[in-house]
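Next comes start.cif, a file with mmCIF, C-alpha atoms.
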data_run
#
loop_
_atom_site.group_PDB
_atom_site.id
_atom_site.type_symbol
_atom_site.label_atom_id
_atom_site.label_comp_id
_atom_site.auth_asym_id
_atom_site.auth_seq_id
_atom_site.Cartn_x
_atom_site.Cartn_y
_atom_site.Cartn_z
ATOM 1 C CA MET P 1 45.492 5.917 156.255
ATOM 2 C CA SER P 2 47.907 5.046 153.504
ATOM 3 C CA ALA P 3 49.271 6.910 150.540
ATOM 4 C CA ALA P 4 47.559 6.730 147.195
ATOM 5 C CA THR P 5 48.954 4.426 144.549
ATOM 6 C CA ALA P 6 50.408 6.825 142.012
ATOM 7 C CA THR P 7 51.678 6.900 138.452
ATOM 8 C CA ALA P 8 55.270 6.235 137.453
ATOM 9 C CA ALA P 9 57.678 8.422 139.388
ATOM 10 C CA PRO P 10 59.261 11.439 137.688
ATOM 11 C CA ASP P 11 63.006 12.040 137.626
ATOM 12 C CA THR P 12 63.677 12.523 141.322
ATOM 13 C CA GLY P 13 66.720 14.812 140.977
ATOM 14 C CA GLU P 14 65.292 18.276 141.590
ATOM 15 C CA ILE P 15 62.172 16.839 143.203
ATOM 16 C CA SER P 16 63.988 14.910 145.925
ATOM 17 C CA ARG P 17 66.301 17.819 146.760
ATOM 18 C CA ALA P 18 63.469 20.272 147.400
ATOM 19 C CA ARG P 19 63.674 22.014 150.752
ATOM 20 C CA GLN P 20 60.401 23.882 150.535
ATOM 21 C CA ILE P 21 57.042 23.470 148.867
ATOM 22 C CA ILE P 22 55.551 26.763 147.727
ATOM 23 C CA PHE P 23 51.787 26.430 148.009
ATOM 24 C CA PRO P 24 49.553 29.195 146.596
ATOM 25 C CA ARG P 25 46.889 29.898 149.197
ATOM 26 C CA PRO P 26 43.909 29.157 146.866
ATOM 27 C CA LEU P 27 45.349 25.703 146.106
ATOM 28 C CA TYR P 28 46.048 25.033 149.775
ATOM 29 C CA SER P 29 42.468 26.044 150.526
ATOM 30 C CA SER P 30 41.148 23.670 147.875
ATOM 31 C CA LEU P 31 43.093 20.771 149.402
ATOM 32 C CA VAL P 32 41.709 21.499 152.858
ATOM 33 C CA ALA P 33 38.212 21.987 151.417
ATOM 34 C CA HIS P 34 38.429 18.520 149.866
ATOM 35 C CA ALA P 35 39.032 17.030 153.310
ATOM 36 C CA VAL P 36 36.301 19.096 154.963
ATOM 37 C CA ARG P 37 33.792 18.083 152.285
ATOM 38 C CA LYS P 38 34.573 14.380 152.688
ATOM 39 C CA PHE P 39 34.624 14.488 156.488
ATOM 40 C CA THR P 40 31.266 16.241 156.633
ATOM 41 C CA GLY P 41 29.625 13.693 154.302
ATOM 42 C CA HIS P 42 29.234 15.801 151.157
ATOM 43 C CA TYR P 43 30.085 13.487 148.267
ATOM 44 C CA LEU P 44 30.190 14.009 144.529
ATOM 45 C CA ALA P 45 28.267 11.794 142.114
ATOM 46 C CA GLY P 46 30.230 8.564 141.685
ATOM 47 C CA GLU P 47 32.612 9.367 144.539
ATOM 48 C CA THR P 48 33.667 6.687 147.024
ATOM 49 C CA GLU P 49 31.775 7.567 150.203
ATOM 50 C CA GLU P 50 34.464 7.482 152.869
ATOM 51 C CA ARG P 51 35.563 9.873 155.571
ATOM 52 C CA LYS P 52 39.022 10.340 154.125
ATOM 53 C CA ALA P 53 40.534 12.380 151.332
ATOM 54 C CA PHE P 54 43.293 11.452 148.912
ATOM 55 C CA GLY P 55 44.707 13.318 145.961
ATOM 56 C CA MET P 56 47.669 14.205 143.775
ATOM 57 C CA LEU P 57 49.804 17.341 143.537
ATOM 58 C CA ALA P 58 51.477 18.734 140.431
ATOM 59 C CA GLY P 59 53.774 21.660 139.815
ATOM 60 C CA ARG P 60 57.277 22.516 138.724
ATOM 61 C CA PRO P 61 60.722 22.729 140.345
ATOM 62 C CA VAL P 62 61.948 26.197 141.301
ATOM 63 C CA PRO P 63 65.269 27.144 142.932
ATOM 64 C CA GLY P 64 65.382 25.320 146.250
ATOM 65 C CA GLY P 65 61.934 23.824 146.048
ATOM 66 C CA ILE P 66 58.737 23.027 144.195
ATOM 67 C CA GLN P 67 55.939 25.398 143.173
ATOM 68 C CA VAL P 68 52.513 23.739 143.409
ATOM 69 C CA GLY P 69 50.526 24.285 140.207
ATOM 70 C CA SER P 70 47.446 22.160 140.781
ATOM 71 C CA VAL P 71 45.658 19.975 143.310
ATOM 72 C CA PHE P 72 43.844 16.922 141.956
ATOM 73 C CA PRO P 73 41.408 15.315 144.431
ATOM 74 C CA LEU P 74 40.926 11.604 143.754
ATOM 75 C CA ILE P 75 37.329 10.461 143.472
ATOM 76 C CA VAL P 76 37.275 6.661 143.246
ATOM 77 C CA ASN P 77 38.997 4.297 145.699
ATOM 78 C CA MET P 78 39.780 1.019 143.936
ATOM 79 C CA ARG P 79 40.876 -0.458 147.262
ATOM 80 C CA HIS P 80 37.399 -2.021 147.582
ATOM 81 C CA ASP P 81 37.480 -3.548 144.098
ATOM 82 C CA GLN P 82 37.660 -7.341 144.181
ATOM 83 C CA GLY P 83 40.756 -7.344 141.987
ATOM 84 C CA HIS P 84 42.727 -5.098 144.360
ATOM 85 C CA ARG P 85 41.361 -5.890 147.829
ATOM 86 C CA ALA P 86 43.481 -8.937 148.653
ATOM 87 C CA ARG P 87 46.776 -7.236 147.809
ATOM 88 C CA MET P 88 46.035 -4.175 149.925
ATOM 89 C CA ASP P 89 44.653 -6.313 152.780
ATOM 90 C CA GLU P 90 47.969 -8.149 152.938
ATOM 91 C CA VAL P 91 50.038 -4.941 153.089
ATOM 92 C CA VAL P 92 47.737 -3.342 155.661
ATOM 93 C CA GLU P 93 47.682 -6.404 157.916
ATOM 94 C CA GLU P 94 51.486 -6.577 157.884
ATOM 95 C CA HIS P 95 52.325 -2.906 158.414
ATOM 96 C CA ALA P 96 49.355 -0.945 159.795
ATOM 97 C CA ILE P 97 48.848 -0.108 163.451
ATOM 98 C CA PRO P 98 45.358 -1.042 164.731
ATOM 99 C CA SER P 99 43.151 2.025 164.905
ATOM 100 C CA GLU P 100 39.549 3.146 164.995
ATOM 101 C CA THR P 101 39.306 2.575 161.234
ATOM 102 C CA PRO P 102 38.897 -1.155 160.448
ATOM 103 C CA MET P 103 41.822 -2.732 158.617
ATOM 104 C CA ASP P 104 39.708 -3.546 155.557
ATOM 105 C CA GLN P 105 38.926 0.165 155.182
ATOM 106 C CA ARG P 106 42.526 1.384 155.408
ATOM 107 C CA GLY P 107 44.319 2.527 152.288
ATOM 108 C CA TRP P 108 43.569 3.956 148.883
ATOM 109 C CA ILE P 109 44.269 2.720 145.349
ATOM 110 C CA ALA P 110 43.710 5.319 142.665
ATOM 111 C CA ASP P 111 41.605 4.585 139.599
ATOM 112 C CA PRO P 112 44.012 4.352 136.614
ATOM 113 C CA ARG P 113 41.540 6.339 134.515
ATOM 114 C CA GLU P 114 41.768 9.250 136.944
ATOM 115 C CA LEU P 115 45.551 9.080 136.911
ATOM 116 C CA MET P 116 45.609 9.101 133.113
ATOM 117 C CA ASP P 117 43.457 12.234 133.083
ATOM 118 C CA ILE P 118 45.779 13.858 135.632
ATOM 119 C CA ASP P 119 48.816 12.903 133.559
ATOM 120 C CA ASP P 120 47.218 14.465 130.490
ATOM 121 C CA ALA P 121 46.476 17.672 132.406
ATOM 122 C CA CYS P 122 50.080 17.809 133.626
ATOM 123 C CA ASP P 123 51.422 17.299 130.106
ATOM 124 C CA ASP P 124 49.229 20.117 128.805
ATOM 125 C CA ALA P 125 50.357 22.502 131.555
ATOM 126 C CA GLY P 126 54.015 21.468 131.667
ATOM 127 C CA TRP P 127 53.720 20.281 135.251
ATOM 128 C CA VAL P 128 55.417 17.380 137.028
ATOM 129 C CA LEU P 129 53.280 15.056 139.132
ATOM 130 C CA PHE P 130 55.454 15.237 142.245
ATOM 131 C CA GLY P 131 53.286 14.343 145.224
ATOM 132 C CA ASN P 132 50.243 12.789 146.777
ATOM 133 C CA TYR P 133 48.257 13.711 149.861
ATOM 134 C CA HIS P 134 45.995 11.990 152.307
ATOM 135 C CA THR P 135 44.335 12.666 155.632
ATOM 136 C CA HIS P 136 44.910 11.410 159.170
ATOM 137 C CA ARG P 137 41.962 11.998 161.475
ATOM 138 C CA VAL P 138 42.167 9.556 164.410
ATOM 139 C CA PRO P 139 44.495 10.585 167.280
ATOM 140 C CA TRP P 140 46.670 7.835 168.713
ATOM 141 C CA PRO P 141 47.905 7.777 172.346
ATOM 142 C CA HIS P 142 51.542 7.902 171.170
ATOM 143 C CA ASP P 143 50.794 10.276 168.271
ATOM 144 C CA PRO P 144 47.932 12.643 169.154
ATOM 145 C CA VAL P 145 48.464 15.097 166.282
ATOM 146 C CA ARG P 146 48.942 12.498 163.510
ATOM 147 C CA ASP P 147 50.859 14.858 161.216
ATOM 148 C CA THR P 148 53.660 12.467 160.198
ATOM 149 C CA CYS P 149 53.892 9.326 158.084
ATOM 150 C CA THR P 150 53.040 5.959 159.606
ATOM 151 C CA ARG P 151 54.951 2.764 158.947
ATOM 152 C CA LEU P 152 52.285 1.833 156.391
ATOM 153 C CA ASP P 153 52.684 5.221 154.687
ATOM 154 C CA ARG P 154 56.432 4.673 154.452
ATOM 155 C CA VAL P 155 56.059 1.205 152.970
ATOM 156 C CA LEU P 156 53.627 2.408 150.309
ATOM 157 C CA ALA P 157 55.667 5.511 149.467
ATOM 158 C CA ALA P 158 59.055 3.787 149.237
ATOM 159 C CA GLU P 159 60.806 4.345 145.885
ATOM 160 C CA SER P 160 57.844 6.328 144.566
ATOM 161 C CA GLY P 161 59.971 9.385 143.791
ATOM 162 C CA GLN P 162 57.171 11.523 145.225
ATOM 163 C CA TRP P 163 56.458 13.684 148.238
ATOM 164 C CA THR P 164 53.841 12.364 150.639
ATOM 165 C CA PHE P 165 51.719 15.130 152.160
ATOM 166 C CA ILE P 166 49.961 14.374 155.423
ATOM 167 C CA LEU P 167 46.946 16.533 156.230
ATOM 168 C CA SER P 168 46.175 16.094 159.905
ATOM 169 C CA VAL P 169 42.508 16.795 160.578
ATOM 170 C CA VAL P 170 42.381 15.499 164.132
ATOM 171 C CA ASP P 171 41.005 18.992 164.707
ATOM 172 C CA LEU P 172 39.091 19.806 161.526
ATOM 173 C CA HIS P 173 39.172 23.497 162.456
ATOM 174 C CA ARG P 174 42.973 23.497 162.721
ATOM 175 C CA PRO P 175 44.357 21.340 159.900
ATOM 176 C CA VAL P 176 48.101 20.707 159.735
ATOM 177 C CA LEU P 177 49.858 19.946 156.437
ATOM 178 C CA ARG P 178 53.376 18.485 156.272
ATOM 179 C CA ALA P 179 55.430 16.969 153.433
ATOM 180 C CA PHE P 180 57.899 14.057 153.496
ATOM 181 C CA PHE P 181 59.868 12.656 150.572
ATOM 182 C CA GLU P 182 58.840 9.038 149.918
ATOM 183 C CA GLY P 183 57.131 8.982 153.315
ATOM 184 C CA ASP P 184 60.431 9.373 155.197
ATOM 185 C CA ASN P 185 59.817 11.487 158.304
ATOM 186 C CA ASP P 186 63.505 12.460 158.319
ATOM 187 C CA ARG P 187 63.220 14.052 154.854
ATOM 188 C CA GLU P 188 60.735 16.861 155.410
ATOM 189 C CA ALA P 189 60.273 19.981 153.316
ATOM 190 C CA THR P 190 58.911 23.235 154.689
ATOM 191 C CA ILE P 191 55.503 24.183 153.293
ATOM 192 C CA ARG P 192 55.290 27.894 152.511
ATOM 193 C CA ILE P 193 51.767 29.129 151.845
ATOM 194 C CA VAL P 194 51.689 32.277 149.727
ATOM 195 C CA PRO P 195 50.608 34.902 150.263
ATOM 196 C CA PRO P 196 50.908 34.486 154.045
ATOM 197 C CA LEU P 197 48.156 35.764 156.262
ATOM 198 C CA PRO P 198 48.959 39.139 157.869
ATOM 199 C CA GLY P 199 50.788 38.677 161.151
ATOM 200 C CA VAL P 200 51.190 34.894 160.691
ATOM 201 C CA ARG P 201 54.671 33.409 160.392
ATOM 202 C CA THR P 202 55.219 30.563 157.951
ATOM 203 C CA ALA P 203 56.098 27.272 159.664
ATOM 204 C CA GLY P 204 59.833 26.765 159.589
ATOM 205 C CA ALA P 205 60.506 30.403 158.651
#
Structure encoded using structure tokens:
Amino acid sequence: MSAATATAAPDTGEISRARQIIFPRPLYSSLVAHAVRKFTGHYLAGETEERKAFGMLAGRPVPGGIQVGSVFPLIVNMRHDQGHRARMDEVVEEHAIPSETPMDQRGWIADPRELMDIDDACDDAGWVLFGNYHTHRVPWPHDPVRDTCTRLDRVLAAESGQWTFILSVVDLHRPVLRAFFEGDNDREATIRIVPPLPGVRTAGA
């Protein structure tokens, strides 16, 4: 899968230096629920019917990291629109690794109308649109967990000024969420879900 085409990047100063993403548990749960709903074939009216989930993340910088303020699931995939298909086909054919998902079904291009609504919501709340998320579900022999960015993810995220969140749902009952700045697997932030579950250590803690 590839990262969603996003709006203009924010000032990357504090965003790019983040070392942890603070994720309120209800918002984390809503992100995972988005993936579960799509993967189990429960679609909203007007939603692109695909077994993959993409969305945007907004919040605000805090000392040492970013506090997630809202999760915005994306509904419409413009990747199948005649005006966008050829451009995405070219990028996918050049950079994607063959997988179970056909090449012409790889990738996501957000509907500009959805992004405008998200921008408006962020302006109203004083949030920064700092990240995007998407799912990986097909295990690969050399990458059975699929919780990092692919070459295609990195190409699409380059110079975006955003964090790319990979939600691995190879095992839908044990999702794994990781975050990488501009899709660079060497620039990972720790995700801290708050409050933590009793007796469960936060990854990277």
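Our summary of the geometry notes that atom CA of P:Thr150 is positioned 16.0 Å from atom CA of P:Gln162.
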task = Find, counting only C-alpha atoms, the residue in P:Leu129, P:Ala35, P:Val76, P:Met116 that gets nearest to P:Gly59.
result =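 So, comparing all the options, the nearest one is P:Leu129.
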inquiry  = Calculated over all atoms listed in the file, which of the candidates P:Asn132, P:Arg60, P:Arg51, P:Asp120 has the smallest distance to P:Ala157?
reply    =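 Selected residue with least distance to P:Ala157: P:Asn132.
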query = So how far away is atom CA of P:Phe180 from atom CA of P:Thr164, in Å?
reply = 5.2 Å
inquiry  = One number please: atom CA of P:Pro139 to atom CA of P:Asn77, in Å, one decimal.
reply    =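 Between these atoms lies a distance of 23.1 Å.
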request  = To verify the selection step, state as a PyMOL selection string which residues the PyMOL selection byres ((chain P and resi 126) around 12) yields on this input.
outcome  = chain P and resi 58-61+69-70+118-125+127-129
So which residues are close to (46.5, 23.2, 158.0), meaning at most 12 Å away in the file's coordinates with all atoms listed in the file counted, and can you show them as a PDB file with C-alpha atoms, in the coordinates of the input?
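Once written, selection28.pdb looks like this:
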ATOM      1  CA  PHE P  23      51.787  26.430 148.009  1.00  0.00           C
ATOM      2  CA  ARG P  25      46.889  29.898 149.197  1.00  0.00           C
ATOM      3  CA  TYR P  28      46.048  25.033 149.775  1.00  0.00           C
ATOM      4  CA  SER P  29      42.468  26.044 150.526  1.00  0.00           C
ATOM      5  CA  SER P  30      41.148  23.670 147.875  1.00  0.00           C
ATOM      6  CA  LEU P  31      43.093  20.771 149.402  1.00  0.00           C
ATOM      7  CA  VAL P  32      41.709  21.499 152.858  1.00  0.00           C
ATOM      8  CA  ALA P  33      38.212  21.987 151.417  1.00  0.00           C
ATOM      9  CA  ALA P  35      39.032  17.030 153.310  1.00  0.00           C
ATOM     10  CA  VAL P  36      36.301  19.096 154.963  1.00  0.00           C
ATOM     11  CA  THR P 135      44.335  12.666 155.632  1.00  0.00           C
ATOM     12  CA  HIS P 136      44.910  11.410 159.170  1.00  0.00           C
ATOM     13  CA  VAL P 145      48.464  15.097 166.282  1.00  0.00           C
ATOM     14  CA  ASP P 147      50.859  14.858 161.216  1.00  0.00           C
ATOM     15  CA  PHE P 165      51.719  15.130 152.160  1.00  0.00           C
ATOM     16  CA  ILE P 166      49.961  14.374 155.423  1.00  0.00           C
ATOM     17  CA  LEU P 167      46.946  16.533 156.230  1.00  0.00           C
ATOM     18  CA  SER P 168      46.175  16.094 159.905  1.00  0.00           C
ATOM     19  CA  VAL P 169      42.508  16.795 160.578  1.00  0.00           C
ATOM     20  CA  VAL P 170      42.381  15.499 164.132  1.00  0.00           C
ATOM     21  CA  ASP P 171      41.005  18.992 164.707  1.00  0.00           C
ATOM     22  CA  LEU P 172      39.091  19.806 161.526  1.00  0.00           C
ATOM     23  CA  HIS P 173      39.172  23.497 162.456  1.00  0.00           C
ATOM     24  CA  ARG P 174      42.973  23.497 162.721  1.00  0.00           C
ATOM     25  CA  PRO P 175      44.357  21.340 159.900  1.00  0.00           C
ATOM     26  CA  VAL P 176      48.101  20.707 159.735  1.00  0.00           C
ATOM     27  CA  LEU P 177      49.858  19.946 156.437  1.00  0.00           C
ATOM     28  CA  ARG P 178      53.376  18.485 156.272  1.00  0.00           C
ATOM     29  CA  ALA P 179      55.430  16.969 153.433  1.00  0.00           C
ATOM     30  CA  ILE P 191      55.503  24.183 153.293  1.00  0.00           C
ATOM     31  CA  ARG P 192      55.290  27.894 152.511  1.00  0.00           C
ATOM     32  CA  ILE P 193      51.767  29.129 151.845  1.00  0.00           C
ATOM     33  CA  THR P 202      55.219  30.563 157.951  1.00  0.00           C
ATOM     34  CA  ALA P 203      56.098  27.272 159.664  1.00  0.00           C
TER      35      ALA P 203
END
query = Skipping near chain neighbours, those fewer than 5 positions away, what residues fall within 8 Å of P:Leu74 using only C-alpha atoms, listed as number ranges by chain?
reply = P: 53-56, 110, 114
ask   = Using all atoms listed in the file, can you list as a VMD selection string the residues within 8 Å of (60.7, 28.9, 146.1)?
value = chain P and resid 20 to 22 62 to 67
Residues matched by the PyMOL selection byres ((chain P and resi 149) around 7) as a PyMOL selection string = chain P and resi 148+150-151+153-154+166+183+185
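Excluding P:Ser16 itself and any same-chain residue fewer than 2 positions from it, the protein and nucleic acid residues within 10 Å of it, counting all atoms listed in the file, are Asp11, Thr12, Gly13, Glu14, Ala18, Arg19, Gly65, Ile66, Phe130, Gly161, Gln162, Trp163, Phe180, Phe181, Glu182, Arg187 and Ala189 of chain P.
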Taking N, CA, C and O atoms as the atom set, what does stretch 40-61 of chain P look like once completed, written as a CSV table (one decimal), in the coordinates of the input?
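selection_30.csv written:
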chain,number,residue,atom,x,y,z
P,40,THR,N,32.6,15.8,156.2
P,40,THR,CA,31.3,16.2,156.6
P,40,THR,C,30.2,15.5,155.8
P,40,THR,O,29.0,15.9,155.8
P,41,GLY,N,30.6,14.5,155.0
P,41,GLY,CA,29.6,13.7,154.3
P,41,GLY,C,29.0,14.3,153.1
P,41,GLY,O,27.9,13.9,152.7
P,42,HIS,N,29.7,15.2,152.4
P,42,HIS,CA,29.2,15.8,151.2
P,42,HIS,C,30.0,15.2,150.0
P,42,HIS,O,31.2,15.6,149.8
P,43,TYR,N,29.4,14.2,149.3
P,43,TYR,CA,30.1,13.5,148.3
P,43,TYR,C,29.6,13.9,146.9
P,43,TYR,O,28.4,14.2,146.7
P,44,LEU,N,30.5,13.8,145.9
P,44,LEU,CA,30.2,14.0,144.5
P,44,LEU,C,29.5,12.8,143.9
P,44,LEU,O,29.7,11.7,144.5
P,45,ALA,N,28.9,12.9,142.8
P,45,ALA,CA,28.3,11.8,142.1
P,45,ALA,C,29.4,10.8,141.7
P,45,ALA,O,30.4,11.3,141.1
P,46,GLY,N,29.2,9.6,142.1
P,46,GLY,CA,30.2,8.6,141.7
P,46,GLY,C,31.4,8.5,142.6
P,46,GLY,O,32.3,7.7,142.4
P,47,GLU,N,31.5,9.3,143.6
P,47,GLU,CA,32.6,9.4,144.5
P,47,GLU,C,32.5,8.3,145.6
P,47,GLU,O,31.4,8.0,146.1
P,48,THR,N,33.6,7.7,145.9
P,48,THR,CA,33.7,6.7,147.0
P,48,THR,C,33.3,7.4,148.3
P,48,THR,O,34.0,8.4,148.7
P,49,GLU,N,32.3,6.9,149.0
P,49,GLU,CA,31.8,7.6,150.2
P,49,GLU,C,32.5,7.1,151.4
P,49,GLU,O,32.2,6.1,152.1
P,50,GLU,N,33.6,7.8,151.7
P,50,GLU,CA,34.5,7.5,152.9
P,50,GLU,C,34.9,8.8,153.5
P,50,GLU,O,35.1,9.8,152.9
P,51,ARG,N,35.1,8.7,154.8
P,51,ARG,CA,35.6,9.9,155.6
P,51,ARG,C,37.1,10.0,155.5
P,51,ARG,O,37.8,9.9,156.5
P,52,LYS,N,37.6,10.1,154.3
P,52,LYS,CA,39.0,10.3,154.1
P,52,LYS,C,39.2,11.0,152.7
P,52,LYS,O,38.4,10.8,151.9
P,53,ALA,N,40.3,11.7,152.6
P,53,ALA,CA,40.5,12.4,151.3
P,53,ALA,C,41.9,12.1,150.8
P,53,ALA,O,42.9,12.1,151.6
P,54,PHE,N,42.0,11.7,149.6
P,54,PHE,CA,43.3,11.5,148.9
P,54,PHE,C,43.4,12.3,147.6
P,54,PHE,O,42.3,12.6,147.0
P,55,GLY,N,44.6,12.6,147.2
P,55,GLY,CA,44.7,13.3,146.0
P,55,GLY,C,46.2,13.4,145.5
P,55,GLY,O,47.1,12.9,146.2
P,56,MET,N,46.4,14.1,144.4
P,56,MET,CA,47.7,14.2,143.8
P,56,MET,C,48.0,15.7,143.7
P,56,MET,O,47.1,16.5,143.6
P,57,LEU,N,49.3,16.0,143.7
P,57,LEU,CA,49.8,17.3,143.5
P,57,LEU,C,50.8,17.4,142.4
P,57,LEU,O,51.6,16.6,142.2
P,58,ALA,N,50.6,18.5,141.6
P,58,ALA,CA,51.5,18.7,140.4
P,58,ALA,C,52.0,20.1,140.5
P,58,ALA,O,51.5,21.0,141.1
P,59,GLY,N,53.2,20.3,139.8
P,59,GLY,CA,53.8,21.7,139.8
P,59,GLY,C,55.1,21.6,139.1
P,59,GLY,O,55.3,20.8,138.2
P,60,ARG,N,56.0,22.5,139.4
P,60,ARG,CA,57.3,22.5,138.7
P,60,ARG,C,58.4,22.9,139.7
P,60,ARG,O,58.2,23.7,140.6
P,61,PRO,N,59.6,22.4,139.5
P,61,PRO,CA,60.7,22.7,140.3
P,61,PRO,C,61.1,24.2,140.2
P,61,PRO,O,61.0,24.8,139.1
